[in-house]
file model_19.tsv (TSV, C-alpha atoms)
chain	number	residue	atom	x	y	z
O	26	MET	CA	-4.71	43.32	5.48
O	27	MET	CA	-7.49	41.89	3.32
O	28	GLN	CA	-11.04	41.58	4.57
O	29	ALA	CA	-12.42	38.12	5.29
O	30	SER	CA	-14.81	36.94	2.59
O	31	LYS	CA	-17.57	34.42	2.96
O	32	CYS	CA	-17.13	31.45	0.66
O	33	PRO	CA	-18.16	27.78	0.55
O	34	TRP	CA	-16.03	25.52	2.73
O	35	TYR	CA	-14.93	23.49	-0.30
O	36	GLN	CA	-13.66	26.45	-2.33
O	37	GLY	CA	-10.01	26.00	-3.31
O	38	ALA	CA	-9.90	22.37	-2.16
O	39	VAL	CA	-8.45	21.15	-5.46
O	40	SER	CA	-5.62	23.69	-5.34
O	41	PHE	CA	-4.87	23.13	-1.67
O	42	TRP	CA	-4.93	19.34	-1.59
O	43	LEU	CA	-4.26	18.15	-5.15
O	44	LYS	CA	-2.10	20.79	-6.83
O	45	ASP	CA	0.38	20.91	-3.98
O	46	VAL	CA	2.39	17.86	-5.02
O	47	GLY	CA	3.68	17.09	-1.54
O	48	CYS	CA	0.26	17.15	0.04
O	49	ALA	CA	-1.27	15.27	-2.90
O	50	SER	CA	1.03	12.28	-2.41
O	51	TYR	CA	-0.45	11.70	1.05
O	52	PHE	CA	-3.98	12.92	0.35
O	53	ILE	CA	-4.50	10.76	-2.75
O	54	ALA	CA	-3.07	7.72	-0.97
O	55	ALA	CA	-5.47	8.35	1.92
O	56	ILE	CA	-8.50	8.67	-0.35
O	57	ILE	CA	-7.70	5.54	-2.36
O	58	THR	CA	-6.95	3.42	0.70
O	59	THR	CA	-10.06	4.66	2.52
O	60	LEU	CA	-12.29	3.63	-0.38
O	61	LEU	CA	-10.50	0.30	-0.72
O	62	CYS	CA	-11.33	-0.43	2.93
O	63	LEU	CA	-14.92	-1.03	1.83
O	64	LEU	CA	-13.70	-3.71	-0.59
O	65	ALA	CA	-11.38	-5.41	1.91
O	66	THR	CA	-13.93	-6.00	4.66
O	67	GLY	CA	-13.67	-9.78	4.26
O	68	ILE	CA	-9.87	-9.88	4.54
O	69	GLU	CA	-9.02	-9.65	8.24
O	70	ASP	CA	-5.25	-9.50	7.73
O	71	LEU	CA	-5.54	-6.56	5.34
O	72	ILE	CA	-8.36	-4.29	6.49
O	73	GLY	CA	-6.71	-3.33	9.79
O	74	LEU	CA	-3.54	-2.24	8.01
O	75	MET	CA	-5.54	-0.30	5.41
O	76	ILE	CA	-7.55	1.56	8.07
O	77	MET	CA	-4.38	2.49	9.93
O	78	PHE	CA	-2.62	3.57	6.73
O	79	SER	CA	-5.52	5.65	5.37
O	80	ILE	CA	-6.11	7.63	8.56
O	81	ILE	CA	-2.42	8.34	9.19
O	82	CYS	CA	-1.98	9.41	5.54
O	83	MET	CA	-4.85	11.88	5.88
O	84	TYR	CA	-3.38	13.39	9.03
O	85	SER	CA	0.01	13.55	7.27
O	86	ALA	CA	-1.60	15.55	4.44
O	87	ILE	CA	-2.98	18.01	7.01
O	88	ALA	CA	0.45	18.18	8.67
O	89	TRP	CA	1.96	19.05	5.27
O	90	GLN	CA	-0.57	21.88	4.91
O	91	SER	CA	0.41	23.06	8.39
O	92	ILE	CA	4.05	23.28	7.31
O	93	ARG	CA	3.09	25.14	4.14
O	94	LEU	CA	1.18	27.65	6.27
O	95	GLN	CA	4.27	28.19	8.40
O	96	ALA	CA	6.39	28.68	5.28
O	97	THR	CA	4.16	31.30	3.62
O	98	GLU	CA	2.61	34.64	4.56
O	99	TRP	CA	-0.89	33.85	3.32
O	100	GLN	CA	-2.26	33.10	6.76
O	101	SER	CA	-1.15	36.56	7.92
O	102	LEU	CA	-2.22	38.48	4.81
O	103	VAL	CA	-5.62	36.86	4.21
O	104	VAL	CA	-8.05	36.85	7.08
O	105	GLY	CA	-9.52	33.39	7.68
O	106	TYR	CA	-7.14	31.67	5.24
O	107	ARG	CA	-5.70	29.25	7.79
O	108	LYS	CA	-9.09	28.44	9.29
O	109	HIS	CA	-10.49	27.77	5.81
O	110	VAL	CA	-7.72	25.31	4.89
O	111	MET	CA	-7.76	23.55	8.25
O	112	PHE	CA	-11.57	23.28	8.21
O	113	GLN	CA	-11.30	21.41	4.91
O	114	GLY	CA	-8.75	19.10	6.51
O	115	LYS	CA	-11.07	18.39	9.43
O	116	VAL	CA	-13.90	17.57	7.02
O	117	PHE	CA	-11.69	15.10	5.16
O	118	ILE	CA	-10.66	13.50	8.46
O	119	ILE	CA	-14.29	13.08	9.50
O	120	LEU	CA	-15.24	11.60	6.11
O	121	SER	CA	-12.31	9.15	6.26
O	122	ASN	CA	-13.36	8.05	9.74
O	123	LEU	CA	-17.00	7.64	8.70
O	124	ILE	CA	-16.03	5.43	5.75
O	125	SER	CA	-13.70	3.43	7.99
O	126	ILE	CA	-16.49	2.96	10.55
O	127	LEU	CA	-18.78	1.78	7.76
O	128	SER	CA	-16.19	-0.78	6.67
O	129	ILE	CA	-15.86	-1.94	10.30
O	130	ILE	CA	-19.62	-2.38	10.54
O	131	ILE	CA	-19.64	-4.41	7.33
O	132	ALA	CA	-16.72	-6.51	8.59
O	133	GLY	CA	-18.51	-7.04	11.91
O	134	ASN	CA	-15.28	-6.88	13.92
O	135	ILE	CA	-15.28	-4.48	16.88
O	136	ASN	CA	-11.54	-4.99	17.38
O	137	LEU	CA	-11.01	-2.90	14.25
O	138	LEU	CA	-12.45	0.04	16.19
O	139	ALA	CA	-9.38	-0.15	18.41
O	140	THR	CA	-7.23	0.06	15.26
O	141	LEU	CA	-9.20	3.11	14.08
O	142	THR	CA	-8.91	4.94	17.39
O	143	MET	CA	-5.19	4.20	17.58
O	144	ALA	CA	-4.74	5.52	14.02
O	145	ASN	CA	-6.47	8.76	15.02
O	146	LEU	CA	-4.31	9.05	18.13
O	147	VAL	CA	-1.11	8.62	16.09
O	148	GLY	CA	-2.44	10.99	13.43
O	149	ILE	CA	-3.31	13.81	15.84
O	150	ILE	CA	0.20	13.60	17.27
O	151	ILE	CA	1.67	13.92	13.74
O	152	TRP	CA	-0.53	16.93	12.99
O	153	PHE	CA	-0.05	18.83	16.23
O	154	LEU	CA	3.72	18.32	16.34
O	155	ASN	CA	4.26	19.44	12.76
O	156	ARG	CA	2.08	22.50	12.94
O	157	SER	CA	4.59	23.80	15.50
O	158	PHE	CA	7.88	22.16	14.44
O	159	SER	CA	8.23	21.77	10.68
O	160	HIS	CA	11.61	20.01	10.89
O	161	LEU	CA	10.00	17.02	12.63
O	162	PHE	CA	7.80	15.99	9.70
O	163	THR	CA	10.17	13.37	8.29
O	164	SER	CA	11.07	11.61	11.50
O	165	VAL	CA	7.59	11.76	13.04
O	166	CYS	CA	5.74	10.56	9.93
O	167	TYR	CA	8.02	7.69	9.02
O	168	PHE	CA	8.42	6.56	12.62
O	169	SER	CA	4.63	6.58	12.98
O	170	PHE	CA	4.12	4.62	9.75
O	171	PHE	CA	6.75	2.10	10.79
O	172	ILE	CA	5.30	1.56	14.27
O	173	ALA	CA	1.74	1.38	12.93
O	174	THR	CA	2.79	-1.23	10.36
O	175	LEU	CA	4.57	-3.32	12.99
O	176	VAL	CA	1.50	-3.17	15.26
O	177	CYS	CA	-0.79	-4.37	12.46
O	178	VAL	CA	1.63	-7.10	11.35
O	179	LEU	CA	2.68	-8.45	14.74
O	180	ILE	CA	-0.70	-8.14	16.49
O	181	GLU	CA	-3.57	-9.77	14.63
O	182	GLN	CA	-6.28	-7.88	16.54
O	183	LEU	CA	-5.89	-5.00	18.97
O	184	PRO	CA	-7.80	-5.57	22.25
O	185	VAL	CA	-11.13	-3.82	22.76
O	186	TRP	CA	-9.96	-2.16	26.00
O	187	LEU	CA	-7.68	0.07	23.90
O	188	ILE	CA	-10.72	1.88	22.48
O	189	PRO	CA	-11.48	4.01	25.59
O	190	VAL	CA	-7.75	4.48	26.27
O	191	ASN	CA	-7.15	5.84	22.77
O	192	VAL	CA	-10.26	8.05	22.91
O	193	VAL	CA	-9.28	9.57	26.28
O	194	ALA	CA	-5.72	10.19	25.10
O	195	PHE	CA	-7.03	11.78	21.86
O	196	ILE	CA	-9.36	14.11	23.77
O	197	ALA	CA	-6.61	15.06	26.23
O	198	ILE	CA	-4.26	16.06	23.40
O	199	VAL	CA	-6.98	18.14	21.71
O	200	LEU	CA	-7.89	19.94	24.95
O	201	PHE	CA	-4.41	20.66	26.29
O	202	HIS	CA	-2.26	21.03	23.17
O	203	LYS	CA	-2.07	24.82	23.52
O	204	SER	CA	-0.22	24.38	26.79
O	205	PHE	CA	2.74	22.76	25.04
O	206	THR	CA	3.16	24.35	21.60
O	207	SER	CA	2.31	27.51	19.66
O	208	ALA	CA	0.63	26.43	16.44
O	209	TYR	CA	1.27	27.80	12.93
O	210	LYS	CA	3.88	30.33	14.05
O	211	TRP	CA	6.19	31.44	11.24
O	212	ARG	CA	9.79	30.40	11.72
O	213	PRO	CA	12.84	31.22	9.54
O	214	ASP	CA	13.57	27.55	8.82
O	215	SER	CA	10.00	26.64	7.84
O	216	LEU	CA	10.36	27.63	4.18
O	217	LEU	CA	13.70	25.81	3.93
O	218	ASN	CA	12.20	22.65	5.45
O	219	TYR	CA	9.23	22.87	3.10
O	220	ARG	CA	11.36	23.28	-0.05
O	221	ASN	CA	13.80	20.56	0.90
O	222	GLY	CA	10.97	18.20	1.73
O	223	LEU	CA	9.21	18.97	-1.53
O	224	GLN	CA	12.31	18.09	-3.54
O	225	SER	CA	13.34	14.96	-1.64
O	226	GLY	CA	9.89	13.58	-0.82
O	227	TRP	CA	10.69	14.09	2.88
O	228	SER	CA	13.25	11.32	2.84
O	229	PRO	CA	13.65	9.84	6.33
O	230	VAL	CA	17.41	9.48	5.85
O	231	PRO	CA	19.55	12.49	6.93
O	232	SER	CA	21.61	13.84	4.04
O	233	GLY	CA	24.97	13.01	5.65
O	234	PHE	CA	24.03	9.62	7.10
O	235	LEU	CA	26.19	6.77	5.69
O	236	SER	CA	27.24	9.07	2.83
O	237	ASN	CA	30.90	8.03	3.15
O	238	TYR	CA	30.09	4.38	2.45
O	239	GLY	CA	27.99	4.72	-0.68
O	240	SER	CA	30.26	6.42	-3.22
O	241	SER	CA	31.00	3.17	-5.07
O	242	ILE	CA	27.28	2.31	-5.16
O	243	ASN	CA	26.36	5.73	-6.52
O	244	LYS	CA	29.12	5.45	-9.11
O	245	GLY	CA	27.91	2.03	-10.25
O	246	LEU	CA	24.31	3.24	-10.51
O	247	PHE	CA	25.07	6.45	-12.37
O	248	PRO	CA	23.15	8.30	-13.90
O	249	LEU	CA	20.25	7.16	-11.69
O	250	SER	CA	22.21	8.38	-8.66
O	251	TYR	CA	22.51	11.76	-10.41
O	252	PHE	CA	18.75	12.23	-10.08
O	253	VAL	CA	18.08	10.46	-6.79
O	254	GLY	CA	21.22	11.76	-5.09
O	255	SER	CA	23.18	10.20	-2.24
O	256	GLY	CA	19.92	8.89	-0.84
O	257	LEU	CA	20.06	6.01	-3.34
O	258	SER	CA	23.09	4.38	-1.71
O	259	GLN	CA	21.76	5.24	1.75
O	260	TYR	CA	18.48	3.46	0.96
O	261	LEU	CA	20.30	0.35	-0.25
O	262	ILE	CA	22.61	0.23	2.77
O	263	LEU	CA	19.73	0.70	5.20
O	264	ILE	CA	17.57	-1.96	3.59
O	265	THR	CA	20.55	-4.34	3.63
O	266	LEU	CA	20.96	-3.71	7.36
O	267	LEU	CA	17.23	-4.26	7.81
O	268	CYS	CA	17.50	-7.61	6.05
O	269	PHE	CA	20.47	-8.62	8.21
O	270	PHE	CA	18.68	-7.81	11.47
O	271	GLY	CA	15.56	-9.61	10.24
O	272	VAL	CA	17.52	-12.78	9.46
O	273	VAL	CA	19.30	-12.67	12.85
O	274	ALA	CA	16.05	-12.13	14.74
O	275	ASN	CA	14.46	-15.01	12.81
O	276	LEU	CA	17.04	-17.39	14.29
O	277	PHE	CA	15.45	-16.87	17.71
O	278	TYR	CA	11.82	-16.14	16.84
O	279	ASN	CA	9.88	-17.31	13.81
O	280	ILE	CA	9.12	-13.98	12.15
O	281	THR	CA	9.57	-15.08	8.54
O	282	GLU	CA	6.30	-13.70	7.20
O	283	GLN	CA	6.57	-10.49	9.23
O	284	ALA	CA	10.16	-9.89	8.09
O	285	ILE	CA	9.23	-10.44	4.44
O	286	PHE	CA	6.25	-8.10	4.73
O	287	VAL	CA	8.34	-5.32	6.33
O	288	LEU	CA	11.12	-5.85	3.75
O	289	THR	CA	8.65	-5.60	0.86
O	290	LEU	CA	6.96	-2.55	2.35
O	291	ASN	CA	10.24	-0.72	2.89
O	292	LEU	CA	11.55	-1.74	-0.52
O	293	PHE	CA	8.66	-0.24	-2.47
O	294	ALA	CA	8.56	2.79	-0.18
O	295	ILE	CA	12.19	3.38	-1.14
O	296	VAL	CA	11.31	2.91	-4.82
O	297	THR	CA	8.59	5.55	-4.46
O	298	LEU	CA	10.97	7.98	-2.73
O	299	SER	CA	13.58	7.45	-5.45
O	300	LEU	CA	11.02	8.10	-8.17
O	301	TRP	CA	9.84	11.24	-6.38
O	302	SER	CA	13.40	12.62	-6.24
O	303	LYS	CA	13.97	11.69	-9.90
O	304	VAL	CA	10.80	13.44	-11.06
O	305	GLN	CA	11.62	16.59	-9.07
O	306	LYS	CA	15.02	16.81	-10.83
O	307	GLN	CA	13.66	15.90	-14.27
O	308	ASN	CA	14.38	19.38	-15.59
O	309	SER	CA	18.12	19.11	-14.91
O	310	TRP	CA	18.80	16.87	-17.91
O	311	GLU	CA	20.77	19.68	-19.58
O	312	LEU	CA	23.63	19.37	-17.09
O	313	LEU	CA	23.81	15.63	-17.68
O	314	PHE	CA	23.86	16.04	-21.47
O	315	THR	CA	26.89	18.30	-21.27
O	316	LEU	CA	29.05	15.52	-19.85
O	317	PRO	CA	31.51	14.17	-22.48
O	318	ILE	CA	30.51	10.55	-21.72
O	319	TYR	CA	27.21	10.97	-23.62
O	320	ASN	CA	27.06	11.84	-27.32
O	321	THR	CA	23.31	12.50	-27.47
O	322	SER	CA	20.40	12.97	-25.12
O	323	TYR	CA	19.08	9.54	-26.11
O	324	SER	CA	22.32	7.84	-25.06
O	325	ALA	CA	21.99	9.45	-21.63
O	326	LYS	CA	18.41	8.19	-21.34
O	327	VAL	CA	19.47	4.68	-22.36
O	328	ALA	CA	22.22	4.81	-19.73
O	329	LEU	CA	19.58	5.76	-17.15
O	330	SER	CA	17.47	2.74	-18.10
O	331	TYR	CA	20.50	0.46	-17.71
O	332	SER	CA	21.25	1.90	-14.27
O	333	VAL	CA	17.65	1.15	-13.24
O	334	LEU	CA	18.15	-2.40	-14.53
O	335	LYS	CA	21.29	-2.70	-12.36
O	336	LEU	CA	19.29	-1.51	-9.37
O	337	ALA	CA	16.61	-4.12	-10.09
O	338	ALA	CA	19.29	-6.83	-10.25
O	339	LEU	CA	20.72	-5.71	-6.90
O	340	VAL	CA	17.24	-5.71	-5.36
O	341	ALA	CA	16.53	-9.20	-6.73
O	342	LEU	CA	19.80	-10.52	-5.30
O	343	LEU	CA	19.15	-8.91	-1.91
O	344	CYS	CA	15.56	-10.17	-1.74
O	345	PHE	CA	16.53	-13.69	-2.78
O	346	SER	CA	19.35	-13.87	-0.23
O	347	THR	CA	17.11	-12.61	2.56
O	348	ALA	CA	14.14	-14.81	1.68
O	349	ALA	CA	16.35	-17.86	1.30
O	350	ALA	CA	18.02	-17.25	4.68
O	351	LEU	CA	14.64	-16.76	6.35
O	352	THR	CA	13.10	-19.91	4.86
O	353	LEU	CA	16.12	-22.15	5.43
O	354	ALA	CA	16.28	-21.16	9.10
O	355	ASN	CA	12.79	-22.54	9.72
O	356	LYS	CA	12.57	-25.01	6.82
O	357	GLU	CA	9.09	-23.78	5.95
O	358	LEU	CA	9.21	-22.95	2.26
O	359	LEU	CA	11.22	-24.02	-0.77
O	360	LEU	CA	13.91	-21.90	-2.39
O	361	ILE	CA	11.66	-21.61	-5.43
O	362	ASN	CA	9.42	-19.37	-3.32
O	363	ALA	CA	12.36	-17.11	-2.58
O	364	LEU	CA	13.27	-16.95	-6.27
O	365	SER	CA	9.70	-16.13	-7.32
O	366	TYR	CA	9.54	-13.48	-4.61
O	367	SER	CA	12.79	-11.82	-5.68
O	368	LEU	CA	11.66	-11.72	-9.33
O	369	ALA	CA	8.35	-10.15	-8.30
O	370	CYS	CA	10.19	-7.44	-6.32
O	371	ALA	CA	12.54	-6.68	-9.22
O	372	ALA	CA	9.64	-6.58	-11.69
O	373	GLY	CA	7.70	-4.24	-9.39
O	374	LEU	CA	10.67	-1.87	-9.26
O	375	LEU	CA	11.01	-1.88	-13.05
O	376	LEU	CA	7.26	-1.33	-13.49
O	377	SER	CA	7.35	1.70	-11.18
O	378	PHE	CA	10.25	3.28	-13.03
O	379	ALA	CA	8.64	2.60	-16.42
O	380	ILE	CA	5.55	4.46	-15.21
O	381	GLY	CA	7.77	7.30	-13.99
O	382	ASN	CA	9.36	7.51	-17.45
O	383	ILE	CA	6.01	8.04	-19.17
O	384	CYS	CA	3.95	10.01	-16.65
O	385	LYS	CA	4.79	13.72	-16.50
O	386	ASN	CA	1.92	14.96	-14.34
O	387	ILE	CA	2.94	14.65	-10.69
O	388	ASN	CA	-0.64	14.27	-9.43
O	389	LEU	CA	-1.47	11.53	-11.92
O	390	LEU	CA	1.85	9.88	-11.11
O	391	SER	CA	0.93	9.92	-7.40
O	392	VAL	CA	-2.35	8.13	-8.08
O	393	ILE	CA	-0.79	5.51	-10.35
O	394	LEU	CA	2.11	4.90	-7.95
O	395	CYS	CA	-0.31	4.34	-5.07
O	396	LEU	CA	-2.12	1.68	-7.09
O	397	THR	CA	1.17	0.21	-8.31
O	398	PHE	CA	2.49	0.14	-4.75
O	399	GLY	CA	-0.44	-2.02	-3.66
O	400	LEU	CA	-0.14	-4.25	-6.72
O	401	ASN	CA	3.58	-4.81	-6.19
O	402	MET	CA	3.13	-5.47	-2.48
O	403	GLY	CA	0.33	-7.97	-3.05
O	404	LEU	CA	2.10	-9.82	-5.86
O	405	ALA	CA	5.44	-10.07	-4.04
O	406	ASN	CA	3.90	-11.39	-0.82
O	407	TYR	CA	1.70	-13.80	-2.77
O	408	MET	CA	4.75	-15.19	-4.56
O	409	PHE	CA	6.52	-15.72	-1.26
O	410	ASP	CA	3.57	-17.64	0.18
O	411	HIS	CA	2.35	-19.51	-2.90
O	412	GLY	CA	5.04	-19.27	-5.59
O	413	ASP	CA	6.18	-22.87	-5.13
O	414	SER	CA	5.50	-24.12	-8.64
O	415	LEU	CA	7.69	-24.06	-11.72
O	416	THR	CA	4.84	-22.50	-13.71
O	417	LEU	CA	4.67	-19.44	-11.43
O	418	LEU	CA	8.44	-19.13	-11.52
O	419	VAL	CA	8.41	-19.08	-15.32
O	420	LEU	CA	5.59	-16.52	-15.31
O	421	MET	CA	7.51	-14.30	-12.89
O	422	SER	CA	10.60	-14.59	-15.09
O	423	LEU	CA	8.59	-13.52	-18.14
O	424	TYR	CA	6.99	-10.68	-16.16
O	425	ALA	CA	10.36	-9.40	-14.96
O	426	THR	CA	11.79	-9.62	-18.49
O	427	ALA	CA	8.79	-7.73	-19.89
O	428	MET	CA	9.18	-4.98	-17.29
O	429	ALA	CA	12.89	-4.69	-18.08
O	430	GLY	CA	11.96	-4.20	-21.73
O	431	ALA	CA	9.26	-1.67	-20.81
O	432	ASN	CA	11.75	0.32	-18.72
O	433	HIS	CA	14.18	0.40	-21.65
O	434	LEU	CA	11.58	1.34	-24.26
O	435	THR	CA	9.94	4.08	-22.19
O	436	ALA	CA	13.31	5.79	-21.54
O	437	ARG	CA	12.87	7.72	-24.79
O	438	TYR	CA	9.91	9.61	-23.24
O	439	LEU	CA	11.98	11.05	-20.40
call {"tool": "encode", "arguments": {"input": "model_19.tsv", "output": "structure tokens"}}
result
Amino acid sequence: MMQASKCPWYQGAVSFWLKDVGCASYFIAAIITTLLCLLATGIEDLIGLMIMFSIICMYSAIAWQSIRLQATEWQSLVVGYRKHVMFQGKVFIILSNLISILSIIIAGNINLLATLTMANLVGIIIWFLNRSFSHLFTSVCYFSFFIATLVCVLIEQLPVWLIPVNVVAFIAIVLFHKSFTSAYKWRPDSLLNYRNGLQSGWSPVPSGFLSNYGSSINKGLFPLSYFVGSGLSQYLILITLLCFFGVVANLFYNITEQAIFVLTLNLFAIVTLSLWSKVQKQNSWELLFTLPIYNTSYSAKVALSYSVLKLAALVALLCFSTAAALTLANKELLLINALSYSLACAAGLLLSFAIGNICKNINLLSVILCLTFGLNMGLANYMFDHGDSLTLLVLMSLYATAMAGANHLTARYL
């Protein structure tokens, strides 16, 4: 066994947190969102969601590192290796909390402190569960993100009395966690969970779920489905079910804005997961080229761009149908809003895939996709609320057409 060596706490941070592509996707998102909290202090509807998202993303990055430690032998071979990596994670958590507290002070809203403490409580649960059970990462992370988003969307401000409750619960978990689980213990399935998660982006959908119902969808969206896998049809079926339940619930309670926000969030999360899977399988072009349906590699790439365009058309149709049903039920907005919104969603999808066509570096792609995710979310929700003019509709049509052209032109760089 190697001797422990004294080194600065920050040594190896770039390799640990940025060169591991799975960890980087959460870590970079956490860093960007944390810094943006300082710029969103005057937007009450946004800053709470950003604080919650940034803290949970940072804990998710640490949870990913915990799974990597379970899947490798480094922590056993190198003395102090695990403590070194986890100490860096704790420093990043503290820095994220300090920046969030500074943004709360600037905003002058103590209720946001309840949001911050709740985010830390959810985050510590994600971390401590996954450092013992690697197979729980997908379900725990996505369930936590979903619940946190619903809390921020449905509740404008968390009550102040939650602050001491969250703090006490956080301390209790930290003090008594050893009584429930054995942390960082190597398990035979840890490496398999890590590799599968790295390839699929830790998709929350089980591989066999709804697989019997999506064969026609995957066939119609080939060759995109070749890269994304069966998850593509599963994503579309699940988001369709989500839209259906949202429309039904809106008949009894006016949740139009909340339903649109959740739909948009899930849509672009699915786009990001699809891009992740496509990038991970980028090197398997050779198998696709050997199929007799393509004469050249360029024809296969053009076919991929057309399948993305089909997906964008399906998304536009789904978003328009859902938005129209939501608005007609409460007679709040015009159908032109729904049309502008659907075009914005389709254009955002095409923009994301065009970026994925050009960008080869997975870390740079993670940064750009985080920024694009926020841009697409903001534009789509703005169009739903304010896209009631013919001018904005024409602009959205031109934007969607331009993104369709960009997706087609950038296919040659695949």
call {"tool": "axis_aligned_box", "arguments": {"input": "model_19.tsv", "around": "range 360-371 of chain O", "padding_each_side": "3 Å", "output": "JSON"}}
result
{"center_x": 11.1, "center_y": -14.3, "center_z": -5.9, "size_x": 11.6, "size_y": 21.2, "size_z": 12.9}
call {"tool": "residues_near_point", "arguments": {"input": "model_19.tsv", "point": "(11.9, -18.9, -11.9)", "cutoff": "10 Å", "atoms": "only C-alpha atoms", "output": "compact mmCIF listing (two decimals) with C-alpha atoms, keeping the file's coordinate frame"}}
result
# COMPACT_ATOMS: atom_id res chain seq x y z
CA ILE O 361 11.66 -21.61 -5.43
CA ASN O 362 9.42 -19.37 -3.32
CA ALA O 363 12.36 -17.11 -2.58
CA LEU O 364 13.27 -16.95 -6.27
CA SER O 365 9.70 -16.13 -7.32
CA TYR O 366 9.54 -13.48 -4.61
CA SER O 367 12.79 -11.82 -5.68
CA LEU O 368 11.66 -11.72 -9.33
CA GLY O 412 5.04 -19.27 -5.59
CA ASP O 413 6.18 -22.87 -5.13
CA SER O 414 5.50 -24.12 -8.64
CA LEU O 415 7.69 -24.06 -11.72
CA THR O 416 4.84 -22.50 -13.71
CA LEU O 417 4.67 -19.44 -11.43
CA LEU O 418 8.44 -19.13 -11.52
CA VAL O 419 8.41 -19.08 -15.32
CA LEU O 420 5.59 -16.52 -15.31
CA MET O 421 7.51 -14.30 -12.89
CA SER O 422 10.60 -14.59 -15.09
CA LEU O 423 8.59 -13.52 -18.14
call {"tool": "closest_residue", "arguments": {"input": "model_19.tsv", "among": "O:Cys177, O:Leu120, O:Ile198, O:Ile285", "to": "Tyr407 in chain O", "atoms": "all atoms listed in the file"}}
result
O:Ile285
call {"tool": "residues_around", "arguments": {"input": "model_19.tsv", "residues": "Leu374 in chain O", "least_positions_apart": "5", "cutoff": "12 Å", "atoms": "all atoms listed in the file", "output": "ChimeraX atom specification"}}
result
/O:289,292-300,333-341,367-369,379-381,394,397-398,400-402,405,424-425,428-429,431-432
call {"tool": "residues_around", "arguments": {"input": "model_19.tsv", "residues": "Tyr84 in chain O", "least_positions_apart": "5", "cutoff": "8 Å", "atoms": "all atoms listed in the file", "output": "VMD selection string"}}
result
chain O and resid 118 148 to 149 151 to 152
call {"tool": "decode", "arguments": {"input": "model_19.tsv", "residues": "range 372-385 of chain O", "atoms": "N, CA and C atoms", "output": "compact mmCIF listing (two decimals), in the first residue's frame"}}
result
# COMPACT_ATOMS: atom_id res chain seq x y z
N ALA O 372 -37.47 25.13 -31.49
CA ALA O 372 -36.22 25.81 -31.83
C ALA O 372 -35.14 25.53 -30.80
N GLY O 373 -35.52 25.47 -29.51
CA GLY O 373 -34.55 25.15 -28.47
C GLY O 373 -33.98 23.76 -28.63
N LEU O 374 -34.83 22.81 -29.01
CA LEU O 374 -34.36 21.45 -29.26
C LEU O 374 -33.36 21.43 -30.41
N LEU O 375 -33.70 22.10 -31.50
CA LEU O 375 -32.82 22.12 -32.67
C LEU O 375 -31.50 22.83 -32.36
N LEU O 376 -31.56 23.90 -31.56
CA LEU O 376 -30.33 24.60 -31.17
C LEU O 376 -29.42 23.68 -30.37
N SER O 377 -29.99 22.93 -29.44
CA SER O 377 -29.19 22.03 -28.60
C SER O 377 -28.51 20.96 -29.44
N PHE O 378 -29.24 20.39 -30.39
CA PHE O 378 -28.64 19.35 -31.23
C PHE O 378 -27.60 19.93 -32.19
N ALA O 379 -27.81 21.16 -32.66
CA ALA O 379 -26.80 21.79 -33.52
C ALA O 379 -25.50 22.00 -32.75
N ILE O 380 -25.62 22.39 -31.48
CA ILE O 380 -24.42 22.54 -30.64
C ILE O 380 -23.75 21.19 -30.44
N GLY O 381 -24.56 20.15 -30.20
CA GLY O 381 -24.00 18.81 -30.04
C GLY O 381 -23.30 18.30 -31.29
N ASN O 382 -23.73 18.76 -32.47
CA ASN O 382 -23.08 18.36 -33.72
C ASN O 382 -21.67 18.94 -33.83
N ILE O 383 -21.51 20.16 -33.34
CA ILE O 383 -20.23 20.86 -33.51
C ILE O 383 -19.25 20.55 -32.39
N CYS O 384 -19.75 20.58 -31.15
CA CYS O 384 -18.88 20.49 -29.97
C CYS O 384 -18.46 19.05 -29.72
N LYS O 385 -17.16 18.79 -29.68
CA LYS O 385 -16.64 17.45 -29.47
C LYS O 385 -16.16 17.24 -28.03
